[in-house]
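Text of the file input-v9.txt, holding compact mmCIF, C-alpha atoms:
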```
# COMPACT_ATOMS: atom_id res chain seq x y z
CA MET A 1 -22.46 -9.19 -13.82
CA ALA A 2 -24.13 -7.23 -11.00
CA ALA A 3 -23.61 -3.48 -10.87
CA LEU A 4 -21.36 -2.20 -8.11
CA SER A 5 -22.17 0.49 -5.59
CA PRO A 6 -19.62 3.29 -5.98
CA LEU A 7 -16.96 3.39 -3.28
CA LYS A 8 -16.83 6.35 -0.96
CA PHE A 9 -13.36 7.85 -0.61
CA LEU A 10 -11.26 10.71 0.67
CA THR A 11 -9.07 12.83 -1.56
CA VAL A 12 -5.88 14.65 -0.62
CA ALA A 13 -5.37 17.10 -3.46
CA PRO A 14 -1.97 17.84 -4.99
CA THR A 15 -0.48 21.25 -4.24
CA ALA A 16 1.24 21.52 -7.63
CA LYS A 17 0.24 20.45 -11.15
CA HIS A 18 -1.40 17.04 -10.86
CA THR A 19 0.69 14.49 -12.77
CA ALA A 20 0.41 11.33 -10.63
CA THR A 21 -2.04 9.55 -8.32
CA VAL A 22 -1.70 7.14 -5.40
CA ILE A 23 -4.74 5.03 -4.52
CA PHE A 24 -4.24 3.47 -1.08
CA MET A 25 -6.51 0.86 0.55
CA HIS A 26 -6.78 0.54 4.31
CA GLY A 27 -6.76 -2.65 6.34
CA LEU A 28 -9.56 -4.64 7.97
CA GLY A 29 -11.83 -2.58 10.22
CA ASP A 30 -10.26 0.74 9.22
CA SER A 31 -11.24 3.46 6.74
CA GLY A 32 -9.53 5.88 4.41
CA TYR A 33 -9.27 8.30 7.33
CA GLY A 34 -6.72 5.98 8.94
CA TRP A 35 -4.17 6.75 6.21
CA LYS A 36 -4.94 10.43 5.63
CA PRO A 37 -2.19 11.53 8.08
CA VAL A 38 0.37 9.68 5.93
CA ALA A 39 -0.90 11.31 2.73
CA ASP A 40 -0.83 14.71 4.45
CA MET A 41 2.71 14.09 5.70
CA PHE A 42 3.96 13.05 2.24
CA SER A 43 2.25 15.87 0.33
CA PRO A 44 4.94 18.58 0.82
CA ASP A 45 7.54 16.30 -0.82
CA LEU A 46 5.17 14.85 -3.44
CA ARG A 47 3.31 18.01 -4.39
CA HIS A 48 2.23 16.69 -7.78
CA VAL A 49 0.57 13.57 -6.34
CA LYS A 50 -3.14 13.23 -5.69
CA TRP A 51 -4.12 10.71 -3.01
CA ILE A 52 -7.33 8.69 -3.15
CA LEU A 53 -8.21 6.86 0.08
CA PRO A 54 -11.28 4.64 -0.43
CA HIS A 55 -13.45 3.21 2.34
CA ALA A 56 -14.28 -0.52 2.24
CA PRO A 57 -17.96 -1.46 2.60
CA SER A 58 -19.04 -3.12 5.86
CA GLN A 59 -19.67 -6.86 5.89
CA PRO A 60 -19.46 -9.82 8.30
CA VAL A 61 -15.94 -11.22 8.71
CA THR A 62 -15.73 -14.91 9.53
CA ALA A 63 -12.32 -14.75 11.24
CA ASN A 64 -13.68 -12.06 13.60
CA MET A 65 -16.59 -14.21 14.78
CA GLY A 66 -18.84 -12.90 12.04
CA MET A 67 -18.71 -9.31 13.28
CA GLU A 68 -19.62 -6.72 10.67
CA MET A 69 -16.86 -4.23 9.90
CA PRO A 70 -15.24 -2.43 6.96
CA SER A 71 -13.68 -5.17 4.85
CA TRP A 72 -12.62 -5.55 1.24
CA PHE A 73 -13.53 -9.26 1.32
CA ASP A 74 -14.28 -11.96 3.87
CA ILE A 75 -11.34 -13.51 5.74
CA TYR A 76 -12.00 -17.07 6.84
CA SER A 77 -8.84 -17.53 8.93
CA PHE A 78 -5.90 -15.41 10.00
CA ASP A 79 -3.70 -18.42 9.26
CA PHE A 80 -4.39 -17.61 5.59
CA ASP A 81 -4.24 -21.34 4.81
CA ALA A 82 -7.97 -21.93 4.47
CA SER A 83 -10.14 -21.34 1.42
CA GLU A 84 -10.36 -17.70 0.38
CA ASP A 85 -13.16 -15.36 -0.60
CA SER A 86 -12.12 -14.99 -4.23
CA LYS A 87 -15.56 -13.67 -5.20
CA GLY A 88 -15.25 -10.85 -2.69
CA MET A 89 -11.69 -10.12 -3.78
CA PHE A 90 -12.63 -9.83 -7.44
CA GLN A 91 -15.67 -7.72 -6.64
CA SER A 92 -13.48 -5.26 -4.72
CA MET A 93 -10.99 -5.34 -7.59
CA ARG A 94 -13.75 -4.12 -9.89
CA SER A 95 -14.59 -1.34 -7.44
CA ILE A 96 -10.97 -0.16 -7.35
CA ASP A 97 -10.91 -0.37 -11.16
CA THR A 98 -13.57 2.33 -11.27
CA LEU A 99 -11.27 4.66 -9.29
CA ILE A 100 -8.36 3.90 -11.61
CA LYS A 101 -10.52 4.46 -14.69
CA ALA A 102 -11.69 7.84 -13.38
CA GLU A 103 -8.07 8.96 -13.04
CA VAL A 104 -7.18 7.68 -16.52
CA ASP A 105 -10.24 9.41 -18.00
CA ALA A 106 -9.09 12.61 -16.29
CA GLY A 107 -5.76 12.41 -18.10
CA ILE A 108 -3.45 10.55 -15.70
CA PRO A 109 -1.74 7.64 -17.53
CA PRO A 110 -1.85 4.24 -15.76
CA SER A 111 1.95 4.38 -15.59
CA ARG A 112 1.57 7.42 -13.31
CA ILE A 113 -0.78 5.64 -10.90
CA VAL A 114 0.52 3.67 -7.93
CA LEU A 115 -1.81 1.32 -6.09
CA GLY A 116 -1.09 0.46 -2.46
CA GLY A 117 -2.54 -0.96 0.69
CA PHE A 118 -2.02 -2.08 4.25
CA SER A 119 -2.74 -5.66 5.38
CA GLN A 120 -6.02 -6.69 3.71
CA GLY A 121 -5.71 -3.65 1.47
CA SER A 122 -2.33 -4.90 0.28
CA ALA A 123 -3.80 -8.26 -0.70
CA LEU A 124 -6.34 -6.37 -2.82
CA THR A 125 -3.48 -4.30 -4.25
CA LEU A 126 -1.69 -7.44 -5.46
CA ILE A 127 -4.82 -8.75 -7.16
CA THR A 128 -5.68 -5.43 -8.80
CA SER A 129 -2.18 -4.57 -9.98
CA LEU A 130 -0.77 -7.97 -10.99
CA LEU A 131 -3.60 -10.03 -12.50
CA GLY A 132 -3.48 -10.62 -16.23
CA THR A 133 -5.93 -9.49 -18.87
CA LYS A 134 -7.96 -12.70 -19.10
CA ALA A 135 -8.32 -13.14 -15.34
CA ARG A 136 -9.44 -9.55 -14.96
CA GLU A 137 -11.86 -9.62 -17.88
CA ASP A 138 -13.39 -12.85 -16.56
CA TRP A 139 -14.49 -10.83 -13.54
CA GLY A 140 -15.47 -7.69 -15.41
CA GLY A 141 -12.27 -5.81 -14.64
CA GLU A 142 -10.01 -3.81 -16.92
CA SER A 143 -6.32 -4.28 -17.67
CA TRP A 144 -3.84 -1.70 -16.44
CA ASN A 145 -0.08 -1.37 -16.59
CA LEU A 146 0.22 0.61 -13.39
CA GLY A 147 3.24 2.59 -12.27
CA GLY A 148 3.79 0.62 -9.09
CA ALA A 149 2.38 -1.31 -6.14
CA VAL A 150 2.86 -0.80 -2.39
CA ILE A 151 2.42 -3.74 -0.02
CA LEU A 152 2.55 -2.99 3.72
CA SER A 153 2.22 -5.85 6.22
CA GLY A 154 0.52 -8.00 3.61
CA TRP A 155 0.32 -11.41 2.02
CA LEU A 156 -0.17 -12.87 -1.45
CA PRO A 157 -3.80 -14.03 -1.82
CA LEU A 158 -4.96 -16.88 -4.05
CA LYS A 159 -1.43 -18.28 -3.92
CA ALA A 160 -2.43 -21.64 -5.34
CA ARG A 161 -3.83 -19.91 -8.45
CA PHE A 162 -1.76 -16.76 -8.72
CA LYS A 163 0.70 -18.15 -11.25
CA GLU A 164 -2.06 -18.86 -13.76
CA LEU A 165 -3.79 -15.55 -13.05
CA ALA A 166 -0.79 -13.22 -13.16
CA GLY A 167 -0.20 -10.85 -16.05
CA THR A 168 2.93 -10.26 -18.08
CA ASN A 169 3.37 -6.82 -16.46
CA ILE A 170 4.51 -8.56 -13.28
CA ALA A 171 8.08 -8.52 -14.62
CA ASN A 172 8.16 -4.74 -15.03
CA ILE A 173 6.14 -3.20 -12.23
CA PRO A 174 7.94 -1.60 -9.27
CA ILE A 175 6.80 -3.14 -5.97
CA PHE A 176 7.60 -1.86 -2.48
CA TRP A 177 6.94 -4.46 0.24
CA GLY A 178 7.45 -3.66 3.92
CA HIS A 179 6.84 -6.03 6.82
CA GLY A 180 7.58 -6.07 10.56
CA THR A 181 9.28 -9.04 12.19
CA GLN A 182 6.91 -9.03 15.18
CA ASP A 183 3.62 -8.75 13.29
CA PRO A 184 1.08 -10.84 15.28
CA ILE A 185 -1.74 -10.58 12.70
CA VAL A 186 -0.13 -11.10 9.30
CA GLN A 187 2.94 -12.87 10.58
CA TYR A 188 6.28 -11.99 9.06
CA ARG A 189 6.63 -15.47 7.55
CA PHE A 190 3.55 -14.86 5.40
CA GLY A 191 5.12 -11.77 3.87
CA ARG A 192 8.53 -13.41 3.49
CA ASP A 193 7.07 -16.53 1.89
CA SER A 194 4.87 -14.47 -0.44
CA VAL A 195 7.89 -12.52 -1.64
CA GLY A 196 9.80 -15.78 -2.12
CA TYR A 197 6.94 -17.17 -4.21
CA LEU A 198 6.78 -14.10 -6.44
CA ARG A 199 10.50 -14.30 -7.05
CA ALA A 200 10.88 -18.06 -7.47
CA GLU A 201 7.64 -18.94 -9.24
CA LEU A 202 6.83 -15.79 -11.18
CA GLY A 203 10.28 -14.43 -11.91
CA VAL A 204 9.80 -11.10 -10.15
CA ARG A 205 13.20 -9.44 -9.99
CA ASP A 206 14.95 -8.09 -6.92
CA ALA A 207 14.81 -4.31 -7.30
CA SER A 208 18.18 -3.94 -5.58
CA LYS A 209 19.76 -5.70 -8.56
CA THR A 210 18.02 -3.75 -11.34
CA GLY A 211 19.37 -0.30 -10.49
CA THR A 212 15.85 1.09 -11.00
CA PRO A 213 12.55 0.96 -9.08
CA ILE A 214 11.52 -1.98 -11.31
CA GLY A 215 11.27 -5.24 -9.40
CA LEU A 216 10.41 -6.06 -5.82
CA ASN A 217 11.96 -4.07 -3.00
CA PHE A 218 11.39 -6.12 0.19
CA GLN A 219 12.16 -4.29 3.43
CA THR A 220 12.13 -5.89 6.87
CA TYR A 221 11.56 -3.81 10.00
CA ALA A 222 12.92 -5.40 13.17
CA GLY A 223 10.48 -5.32 16.07
CA MET A 224 7.64 -3.71 14.12
CA GLU A 225 4.19 -5.17 14.79
CA HIS A 226 1.04 -4.86 12.64
CA THR A 227 1.52 -1.18 11.98
CA THR A 228 3.99 1.11 10.30
CA CYS A 229 7.06 2.91 11.62
CA PRO A 230 9.04 6.07 10.76
CA GLN A 231 11.71 4.16 8.83
CA GLU A 232 9.14 2.32 6.72
CA LEU A 233 7.43 5.60 5.91
CA ARG A 234 10.75 7.16 4.91
CA ASP A 235 11.46 4.17 2.66
CA LEU A 236 7.98 4.35 1.17
CA LYS A 237 8.27 8.06 0.43
CA GLU A 238 11.59 7.48 -1.33
CA PHE A 239 10.01 4.67 -3.39
CA LEU A 240 7.17 6.97 -4.45
CA ARG A 241 9.59 9.79 -5.23
CA ARG A 242 11.57 7.50 -7.55
CA THR A 243 8.54 5.79 -9.07
CA LEU A 244 6.49 8.95 -9.63
CA PRO A 245 9.05 11.70 -10.29
CA GLN A 246 7.62 15.20 -10.38
CA ASP A 247 9.07 16.21 -13.74
CA GLU A 248 6.98 13.85 -15.86
```
Serialized structure, structure tokens:
Amino acid sequence: MAALSPLKFLTVAPTAKHTATVIFMHGLGDSGYGWKPVADMFSPDLRHVKWILPHAPSQPVTANMGMEMPSWFDIYSFDFDASEDSKGMFQSMRSIDTLIKAEVDAGIPPSRIVLGGFSQGSALTLITSLLGTKAREDWGGESWNLGGAVILSGWLPLKARFKELAGTNIANIPIFWGHGTQDPIVQYRFGRDSVGYLRAELGVRDASKTGTPIGLNFQTYAGMEHTTCPQELRDLKEFLRRTLPQDE
């Protein structure tokens, strides 16, 4: 399998003893700089958390008339009902794996690493955090039992195949999923239907019924478009606080 070029990334360092890491992937056309203000804002309350904000490589994107822009994989249609760039998805998964491995090698257990993303970055998050051992090894990836996954304004990729690709950890990983009702890019129905699929077809539990962060916490934000909002950020910070407590 071809060697990967290392991803460039930003780091927001912890201000206390480093015991947890959040790796967050931006959306189409953005960069890690787009989410640095959020990491900076969260840092005073999550002093033990290191943030890694990678930059996607630039490539032509079919759905944007072939324009070249930062993208984790090609998107053929914003209807998300066409064929998908699985090769590009798995290649980016391997790139994110290298960031995870570096944290593990530095002494941070996978259970203390949360992977997250916005829009296209959230689709990559679902692949990287939920695929099973065989599916990952088939593409040169490694298996991780991560501490959690954050999905903002996203959708479930490879839906027709996800059931056969998913790992057993899907039943135990905490997932925060936020989506706005007025999202014109990744429409709300795509998020809602993706959550319904994970629950009905893969047995992902509703976190509100477990009494713990384990399971899927789906939050709807009325009127929010393809962006974030103060309430979503408050909910996300609380999720991270519960999932990555400081006293580990």
For Gly211 in chain A, which of A:Leu126, A:Pro174, A:Ser77, A:Pro54 is the closest residue, counting all atoms listed in the file?
A:Pro174
Out of A:Gly148, A:Ile100, A:Ser86, A:Tyr221, which residue has the shortest atom-to-atom distance to Phe162 in chain A when counting only C-alpha atoms?
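Using only C-alpha atoms, Phe162 in chain A sits closest to A:Ser86.
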Can you report as AutoDock Vina command-line options the centre and edge lengths in Å, to one decimal, of an axis-aligned box around the listed atoms of range 32-50 of chain A padded with 6 Å on each side?
```
--center_x -1.0 --center_y 12.2 --center_z 0.6 --size_x 29.1 --size_y 24.7 --size_z 28.7
```
In Å, rounded to a single decimal, give me how far CA of Leu131 in chain A is from CA of Phe176 in chain A.
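For CA of Phe176 in chain A relative to CA of Leu131 in chain A, the distance reads 17.1 Å.
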Which residues of range 35-60 of chain A have any atom within 6 Å of an atom in range 15-31 of chain A when counting all atoms listed in the file, and what is the closest pair of atoms for each, with the distance in Å to one decimal? Order the rows by chain and rising number and write it as a Markdown table.
```
| residue | atom | partner | partner_atom | distance |
| --- | --- | --- | --- | --- |
| A:Arg47 | CA | A:Thr15 | CA | 5.0 |
| A:His48 | CA | A:His18 | CA | 4.8 |
| A:Val49 | CA | A:Ala20 | CA | 4.8 |
| A:Lys50 | CA | A:Thr21 | CA | 4.7 |
| A:Trp51 | CA | A:Val22 | CA | 4.9 |
| A:Ile52 | CA | A:Ile23 | CA | 4.7 |
| A:Leu53 | CA | A:Phe24 | CA | 5.3 |
| A:His55 | CA | A:Ser31 | CA | 4.9 |
```
What would the file look like if the residues just selected were written as a CSV table (one decimal), in the frame of the given file with C-alpha atoms?
```csv
chain,number,residue,atom,x,y,z
A,47,ARG,CA,3.3,18.0,-4.4
A,48,HIS,CA,2.2,16.7,-7.8
A,49,VAL,CA,0.6,13.6,-6.3
A,50,LYS,CA,-3.1,13.2,-5.7
A,51,TRP,CA,-4.1,10.7,-3.0
A,52,ILE,CA,-7.3,8.7,-3.2
A,53,LEU,CA,-8.2,6.9,0.1
A,55,HIS,CA,-13.4,3.2,2.3
```
Atomic distance CA of Asn64 in chain A - CA of Tyr76 in chain A, expressed in Å with one decimal:
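Taking CA of Asn64 in chain A as the start and CA of Tyr76 in chain A as the end point, the length is 8.6 Å.
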Would you list the residues near (-13.3, -6.9, 9.4) (no more than 8 Å away, in the coordinates of the file, using only C-alpha atoms) as a list in words?
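Collected hits near the coordinates: Leu28, Gly29, Ser58, Gln59, Pro60, Val61, Asn64, Met67, Glu68, Met69, Pro70, Ser71, Asp74 and Ile75 of chain A.
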Gap from CA of Asp193 in chain A to CA of Phe218 in chain A - Å, one decimal:
11.4 Å
Mind rebuilding range 114-149 of chain A with N, CA and C atoms and writing that out as a compact mmCIF listing (two decimals), in the coordinates of the input?
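And here is the file that came out, rebuild.txt:
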```txt
# COMPACT_ATOMS: atom_id res chain seq x y z
N VAL A 114 0.03 4.71 -8.82
CA VAL A 114 0.52 3.67 -7.93
C VAL A 114 -0.62 3.22 -7.04
N LEU A 115 -0.79 1.91 -6.94
CA LEU A 115 -1.81 1.32 -6.09
C LEU A 115 -1.12 0.76 -4.85
N GLY A 116 -1.72 0.97 -3.68
CA GLY A 116 -1.09 0.46 -2.46
C GLY A 116 -2.12 0.09 -1.42
N GLY A 117 -1.64 -0.59 -0.38
CA GLY A 117 -2.54 -0.96 0.69
C GLY A 117 -1.81 -1.50 1.89
N PHE A 118 -2.52 -1.52 3.00
CA PHE A 118 -2.02 -2.08 4.25
C PHE A 118 -2.82 -3.32 4.59
N SER A 119 -2.11 -4.41 4.93
CA SER A 119 -2.74 -5.66 5.38
C SER A 119 -3.74 -6.16 4.35
N GLN A 120 -5.03 -6.22 4.67
CA GLN A 120 -6.02 -6.69 3.71
C GLN A 120 -6.02 -5.83 2.45
N GLY A 121 -5.79 -4.53 2.62
CA GLY A 121 -5.71 -3.65 1.47
C GLY A 121 -4.55 -3.97 0.56
N SER A 122 -3.47 -4.52 1.12
CA SER A 122 -2.33 -4.90 0.28
C SER A 122 -2.63 -6.15 -0.51
N ALA A 123 -3.40 -7.07 0.06
CA ALA A 123 -3.80 -8.26 -0.70
C ALA A 123 -4.63 -7.84 -1.91
N LEU A 124 -5.53 -6.88 -1.70
CA LEU A 124 -6.34 -6.37 -2.82
C LEU A 124 -5.45 -5.65 -3.83
N THR A 125 -4.42 -4.97 -3.36
CA THR A 125 -3.48 -4.30 -4.25
C THR A 125 -2.81 -5.30 -5.18
N LEU A 126 -2.37 -6.43 -4.64
CA LEU A 126 -1.69 -7.44 -5.46
C LEU A 126 -2.62 -8.00 -6.53
N ILE A 127 -3.87 -8.24 -6.18
CA ILE A 127 -4.82 -8.75 -7.16
C ILE A 127 -5.07 -7.70 -8.25
N THR A 128 -5.30 -6.47 -7.84
CA THR A 128 -5.68 -5.43 -8.80
C THR A 128 -4.53 -5.03 -9.71
N SER A 129 -3.32 -5.06 -9.19
CA SER A 129 -2.18 -4.57 -9.98
C SER A 129 -1.47 -5.65 -10.77
N LEU A 130 -1.59 -6.93 -10.38
CA LEU A 130 -0.77 -7.97 -10.99
C LEU A 130 -1.53 -9.00 -11.82
N LEU A 131 -2.86 -9.04 -11.71
CA LEU A 131 -3.60 -10.03 -12.50
C LEU A 131 -3.55 -9.71 -13.98
N GLY A 132 -3.55 -10.76 -14.79
CA GLY A 132 -3.48 -10.62 -16.23
C GLY A 132 -4.82 -10.26 -16.86
N THR A 133 -4.77 -9.97 -18.15
CA THR A 133 -5.93 -9.49 -18.87
C THR A 133 -7.10 -10.46 -18.81
N LYS A 134 -6.86 -11.75 -19.08
CA LYS A 134 -7.96 -12.70 -19.10
C LYS A 134 -8.61 -12.85 -17.73
N ALA A 135 -7.78 -12.98 -16.69
CA ALA A 135 -8.32 -13.14 -15.34
C ALA A 135 -9.16 -11.94 -14.94
N ARG A 136 -8.70 -10.75 -15.32
CA ARG A 136 -9.44 -9.55 -14.96
C ARG A 136 -10.73 -9.44 -15.76
N GLU A 137 -10.66 -9.72 -17.05
CA GLU A 137 -11.86 -9.62 -17.88
C GLU A 137 -12.90 -10.67 -17.50
N ASP A 138 -12.45 -11.83 -17.02
CA ASP A 138 -13.39 -12.85 -16.56
C ASP A 138 -14.27 -12.35 -15.43
N TRP A 139 -13.74 -11.38 -14.67
CA TRP A 139 -14.49 -10.83 -13.54
C TRP A 139 -14.96 -9.39 -13.82
N GLY A 140 -14.94 -9.00 -15.08
CA GLY A 140 -15.47 -7.69 -15.41
C GLY A 140 -14.52 -6.55 -15.13
N GLY A 141 -13.24 -6.86 -14.90
CA GLY A 141 -12.27 -5.81 -14.64
C GLY A 141 -11.59 -5.34 -15.92
N GLU A 142 -10.77 -4.33 -15.79
CA GLU A 142 -10.01 -3.81 -16.92
C GLU A 142 -8.53 -4.06 -16.68
N SER A 143 -7.75 -4.03 -17.77
CA SER A 143 -6.32 -4.28 -17.67
C SER A 143 -5.57 -2.96 -17.58
N TRP A 144 -4.64 -2.91 -16.64
CA TRP A 144 -3.84 -1.70 -16.44
C TRP A 144 -2.37 -2.08 -16.32
N ASN A 145 -1.51 -1.26 -16.87
CA ASN A 145 -0.08 -1.37 -16.59
C ASN A 145 0.28 -0.21 -15.67
N LEU A 146 0.09 -0.45 -14.37
CA LEU A 146 0.22 0.61 -13.39
C LEU A 146 1.69 0.94 -13.13
N GLY A 147 1.89 2.11 -12.52
CA GLY A 147 3.24 2.59 -12.27
C GLY A 147 3.93 1.94 -11.10
N GLY A 148 3.17 1.27 -10.22
CA GLY A 148 3.79 0.62 -9.09
C GLY A 148 2.76 0.07 -8.12
N ALA A 149 3.24 -0.73 -7.16
CA ALA A 149 2.38 -1.31 -6.14
C ALA A 149 3.09 -1.22 -4.79
```
